[in-house]
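Notes for the one structure printed next.
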Amino acid sequence: MKFETKAIHAGQKPDSVTGAVVAPIVTSTTFAQPAPGKPLEYEYSRVSTPTRKALEICLAELEGGTFALAVSSGCAAMSLLCQFLKPGDVVLAEEDLYGGTLRLLKHLEKTQNVQTHFLDFSDHELVKKNLSLNPRILWLETPTNPLLKIIDIQKIQGFKKTTKTLVVVDNTFATPCLQSPLSLGADLVFHSATKYLGGHTDILGGAIVTGRKDLAEELHFFNKTFGPALSPFDSYLLLRSLKTLSLRMKAHEKNALQVARFLENHPQVQKVLYPGLKSHPQFALAKKQMSGFGGMVSFYIKGGEKRAINFLKRLKIFTLAESLGAVESLAEHPRTMTHSAFSSKGVTGELIRLSVGIEHIDDLIEDLKQSLEKQAR
Ligand SMILES: *Cc1c(COP(=O)(O)O)cnc(C)c1O
C-alpha cells in the first residue's frame, strides 16, 4: 500500500460491531476481563486503549516500523527514549537541535551522569573519531532546527560498531511523508506530533516508532511504567490529521520553495537556508534522502538583530510565534525565542525561521515583501 492509502486506512478497519468507518473515541480507562488475570486485548488505558491503538498502528505503518507509541508530547517521547540510557553512558548528538532536546540532554548530564558530546554530524570524520567513546545513542534530527542542515542518516548509522549503539532520529521536520529514517537504518524514530503530524496547532502530542522487536518490548515497558500516553480524544484528532498529511506536505513544500526563491533574490536578505535551493550545501543529499524538501525556511536578514526584530513585528499574515508545521504560517526569532537558552554558532540575531503554511502564496509573498520593503526605507 502507498503512503496516502495507509494514512487513511492503516489501523482503521470499520468497527466490527457498529460498522462505524471512523475509529470511535473510547474513553473507558478499564476493560472487563473474562477470568482473573486473563485480560482480552485491553486491560487498562495507560497500557493500551482502542483509539490510541488505531493511531499507533497507522503511525507504525507510515514510518515503515512494526511498533509505535503515541505519547502526550514530543518531549514525552524524548523522555521515554532517555530510559535507554543509564549513568555513565555517552550520547553523541548533532549540535543543531531543537532547543528542548538540548535542554533535556544537558539536564541528564547534570543529574544522571550521562555525557552528551555535541558535534557537527555532517563532518563524518569527526563522528567516526568520537565513536571511540562507545556511545549508547547517536542522536540527530534532519533537517536540523533552525539551520536546516541535512544529515546523512544512512552514512551515520553505517558508522556504528554494535547493535548496542542506537541511532535515534527526530523526524519532526520531514515527517514520514518525506523521509523514512528506519528504512535508512535508524533504530528509533520520534516526532513532535504537535507539528506537521497534527498540522492544525491544536494537538500536543508525540510518537516513537521502531522496527526492532527488542526495542519495542522495552518501549512498551517504559510506557506502562512512566505513563506518558496520549489521550483518546487527542489520538482521534491526530488520526484525523494524518489523513491529510500528504496533501498538506505538498502544499507546504510548494509554498516554501517559492518563499525561499523570493527571499534569495531580495536585496535585504543576506542568505537563505532551504534544502530545496540549489545553493544549499546539501541539496544533492536532500534530494536523495527525502522525497520533498518540507515547509521550513530560515534566512539571515541584512543589517543586524534590530532589523530582524522589526521585520518580524511588521508581518501581518505570518504570526510571530514559536512552533511550526501547521496550516497557518509562523515566523520566529531563534536567538531570543526557541534557542534563547543555548548559544549555538549560526543562531545569530539576524536569523529568522519561517514555518510556511498553506495560505495562498501571493498573500505570503506580499506579506514578506511589505515588511522587507519598509526595512529598506
Ligand atoms: C517541538 C519539537 C519537539 C518537542 O515537541 P513538543 O511536542 O513541543 O514537546 C522536538 N523536536 C522538534 C524538532 C520539535 O520541533
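Following the order of the C-alpha cells, first chain is A, next is B, and so on, with residues numbered from 1 inside each chain and ligands from 1 in the order they appear.
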Out of region 117-229 of chain A, which residues get helix (DSSP H, G or I) from DSSP, as a PyMOL selection string?
-> chain A and resi 124-133+153-158+175-178+181-184+213-226
For Gln179 (chain A), work out the shell of residues within 7 Å, counting only C-alpha atoms and skipping chain neighbours fewer than 5 positions away, then give it as a count of residues only.
-> 4
Select, from A:Lys38, A:Lys155, A:Lys213, A:Lys160, the residue with the minimum atom-to-atom distance to Leu133 (chain A), counting only C-alpha atoms.
-> A:Lys160
Distance query region 256-273 of chain A at most 7 Å, only C-alpha atoms, self and fewer than 6 positions along chain excluded, as an mmCIF file with all heavy atoms, in the first residue's frame:
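Output contents, as saved in selection34.cif:
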```cif
data_model
loop_
_atom_site.group_PDB
_atom_site.id
_atom_site.type_symbol
_atom_site.label_atom_id
_atom_site.label_comp_id
_atom_site.auth_asym_id
_atom_site.auth_seq_id
_atom_site.Cartn_x
_atom_site.Cartn_y
_atom_site.Cartn_z
ATOM 1 N N LEU A 147 18.791 25.527 11.543
ATOM 2 C CA LEU A 147 19.679 25.846 10.416
ATOM 3 C C LEU A 147 19.425 24.992 9.168
ATOM 4 O O LEU A 147 20.060 25.191 8.129
ATOM 5 C CB LEU A 147 21.149 25.754 10.855
ATOM 6 C CG LEU A 147 21.522 26.715 12.006
ATOM 7 C CD1 LEU A 147 22.963 26.496 12.466
ATOM 8 C CD2 LEU A 147 21.324 28.179 11.603
ATOM 9 N N LEU A 148 18.514 24.016 9.278
ATOM 10 C CA LEU A 148 18.085 23.218 8.118
ATOM 11 C C LEU A 148 19.233 22.528 7.387
ATOM 12 O O LEU A 148 19.266 22.427 6.163
ATOM 13 C CB LEU A 148 17.241 24.081 7.161
ATOM 14 C CG LEU A 148 15.994 24.656 7.854
ATOM 15 C CD1 LEU A 148 15.318 25.711 7.001
ATOM 16 C CD2 LEU A 148 14.999 23.553 8.196
ATOM 17 N N HIS A 280 21.865 25.399 -1.445
ATOM 18 C CA HIS A 280 22.025 24.708 -0.150
ATOM 19 C C HIS A 280 23.183 23.715 -0.263
ATOM 20 O O HIS A 280 23.238 22.931 -1.206
ATOM 21 C CB HIS A 280 20.722 23.970 0.200
ATOM 22 C CG HIS A 280 20.709 23.435 1.606
ATOM 23 N ND1 HIS A 280 21.411 22.315 1.979
ATOM 24 C CD2 HIS A 280 20.089 23.868 2.729
ATOM 25 C CE1 HIS A 280 21.224 22.078 3.269
ATOM 26 N NE2 HIS A 280 20.422 23.016 3.748
ATOM 27 N N GLY A 295 8.531 22.340 4.594
ATOM 28 C CA GLY A 295 7.940 23.674 4.663
ATOM 29 C C GLY A 295 8.684 24.672 5.530
ATOM 30 O O GLY A 295 8.173 25.762 5.779
ATOM 31 N N MET A 296 9.885 24.318 5.996
ATOM 32 C CA MET A 296 10.634 25.222 6.872
ATOM 33 C C MET A 296 11.696 25.979 6.074
ATOM 34 O O MET A 296 12.464 25.376 5.311
ATOM 35 C CB MET A 296 11.318 24.426 7.988
ATOM 36 C CG MET A 296 10.355 23.678 8.892
ATOM 37 S SD MET A 296 9.177 24.756 9.727
ATOM 38 C CE MET A 296 10.281 25.700 10.782
ATOM 39 N N VAL A 297 11.736 27.287 6.262
ATOM 40 C CA VAL A 297 12.724 28.138 5.586
ATOM 41 C C VAL A 297 13.351 29.056 6.629
ATOM 42 O O VAL A 297 12.625 29.725 7.368
ATOM 43 C CB VAL A 297 12.054 29.020 4.498
ATOM 44 C CG1 VAL A 297 13.086 29.924 3.824
ATOM 45 C CG2 VAL A 297 11.325 28.156 3.464
ATOM 46 N N SER A 298 14.675 29.073 6.709
ATOM 47 C CA SER A 298 15.349 30.032 7.589
ATOM 48 C C SER A 298 16.151 30.992 6.732
ATOM 49 O O SER A 298 16.569 30.648 5.625
ATOM 50 C CB SER A 298 16.276 29.314 8.578
ATOM 51 O OG SER A 298 15.524 28.530 9.482
ATOM 52 N N PHE A 299 16.339 32.220 7.233
ATOM 53 C CA PHE A 299 17.176 33.159 6.474
ATOM 54 C C PHE A 299 17.797 34.209 7.385
ATOM 55 O O PHE A 299 17.316 34.469 8.488
ATOM 56 C CB PHE A 299 16.378 33.834 5.343
ATOM 57 C CG PHE A 299 15.328 34.816 5.782
ATOM 58 C CD1 PHE A 299 15.573 36.184 5.735
ATOM 59 C CD2 PHE A 299 14.086 34.387 6.218
ATOM 60 C CE1 PHE A 299 14.605 37.112 6.124
ATOM 61 C CE2 PHE A 299 13.112 35.298 6.621
ATOM 62 C CZ PHE A 299 13.366 36.663 6.566
ATOM 63 N N TYR A 300 18.921 34.771 6.911
ATOM 64 C CA TYR A 300 19.601 35.853 7.611
ATOM 65 C C TYR A 300 19.239 37.149 6.914
ATOM 66 O O TYR A 300 19.437 37.290 5.705
ATOM 67 C CB TYR A 300 21.118 35.669 7.563
ATOM 68 C CG TYR A 300 21.614 34.446 8.295
ATOM 69 C CD1 TYR A 300 21.878 33.256 7.612
ATOM 70 C CD2 TYR A 300 21.817 34.484 9.668
ATOM 71 C CE1 TYR A 300 22.332 32.131 8.289
ATOM 72 C CE2 TYR A 300 22.279 33.366 10.356
ATOM 73 C CZ TYR A 300 22.530 32.193 9.664
ATOM 74 O OH TYR A 300 22.981 31.083 10.332
ATOM 75 N N ILE A 301 18.717 38.083 7.708
ATOM 76 C CA ILE A 301 18.386 39.387 7.159
ATOM 77 C C ILE A 301 19.647 40.247 7.187
ATOM 78 O O ILE A 301 20.561 39.973 7.964
ATOM 79 C CB ILE A 301 17.227 40.000 7.991
ATOM 80 C CG1 ILE A 301 16.434 41.005 7.189
ATOM 81 C CG2 ILE A 301 17.729 40.590 9.311
ATOM 82 C CD1 ILE A 301 15.064 41.295 7.787
ATOM 83 N N LYS A 302 19.689 41.264 6.346
ATOM 84 C CA LYS A 302 20.845 42.176 6.368
ATOM 85 C C LYS A 302 20.662 43.227 7.446
ATOM 86 O O LYS A 302 19.544 43.635 7.732
ATOM 87 C CB LYS A 302 20.976 42.881 5.018
ATOM 88 C CG LYS A 302 21.673 42.045 3.969
ATOM 89 C CD LYS A 302 21.937 42.867 2.720
ATOM 90 C CE LYS A 302 22.466 41.972 1.597
ATOM 91 N NZ LYS A 302 22.330 42.603 0.297
ATOM 92 N N VAL A 356 6.348 27.837 6.774
ATOM 93 C CA VAL A 356 5.480 28.312 5.692
ATOM 94 C C VAL A 356 4.205 27.479 5.658
ATOM 95 O O VAL A 356 4.249 26.257 5.528
ATOM 96 C CB VAL A 356 6.222 28.253 4.336
ATOM 97 C CG1 VAL A 356 5.321 28.762 3.221
ATOM 98 C CG2 VAL A 356 7.519 29.053 4.403
ATOM 99 N N ILE A 365 3.893 35.999 -0.014
ATOM 100 C CA ILE A 365 4.993 36.783 -0.610
ATOM 101 C C ILE A 365 4.746 38.276 -0.373
ATOM 102 O O ILE A 365 5.653 39.019 -0.005
ATOM 103 C CB ILE A 365 5.107 36.497 -2.133
ATOM 104 C CG1 ILE A 365 5.411 35.015 -2.392
ATOM 105 C CG2 ILE A 365 6.139 37.420 -2.790
ATOM 106 C CD1 ILE A 365 6.832 34.572 -2.249
ATOM 107 N N LEU A 372 9.823 43.624 4.345
ATOM 108 C CA LEU A 372 11.217 43.847 3.912
ATOM 109 C C LEU A 372 11.371 45.236 3.295
ATOM 110 O O LEU A 372 12.395 45.887 3.467
ATOM 111 C CB LEU A 372 11.640 42.788 2.885
ATOM 112 C CG LEU A 372 11.994 41.407 3.446
ATOM 113 C CD1 LEU A 372 12.080 40.385 2.321
ATOM 114 C CD2 LEU A 372 13.282 41.441 4.241
#
```
Kindly work out which residues sit at most 6 Å from ligand 1, using only C-alpha atoms and all ligand atoms, and give the list as a PyMOL selection string.
-> chain A and resi 73-75+98+172+192+194+204-206
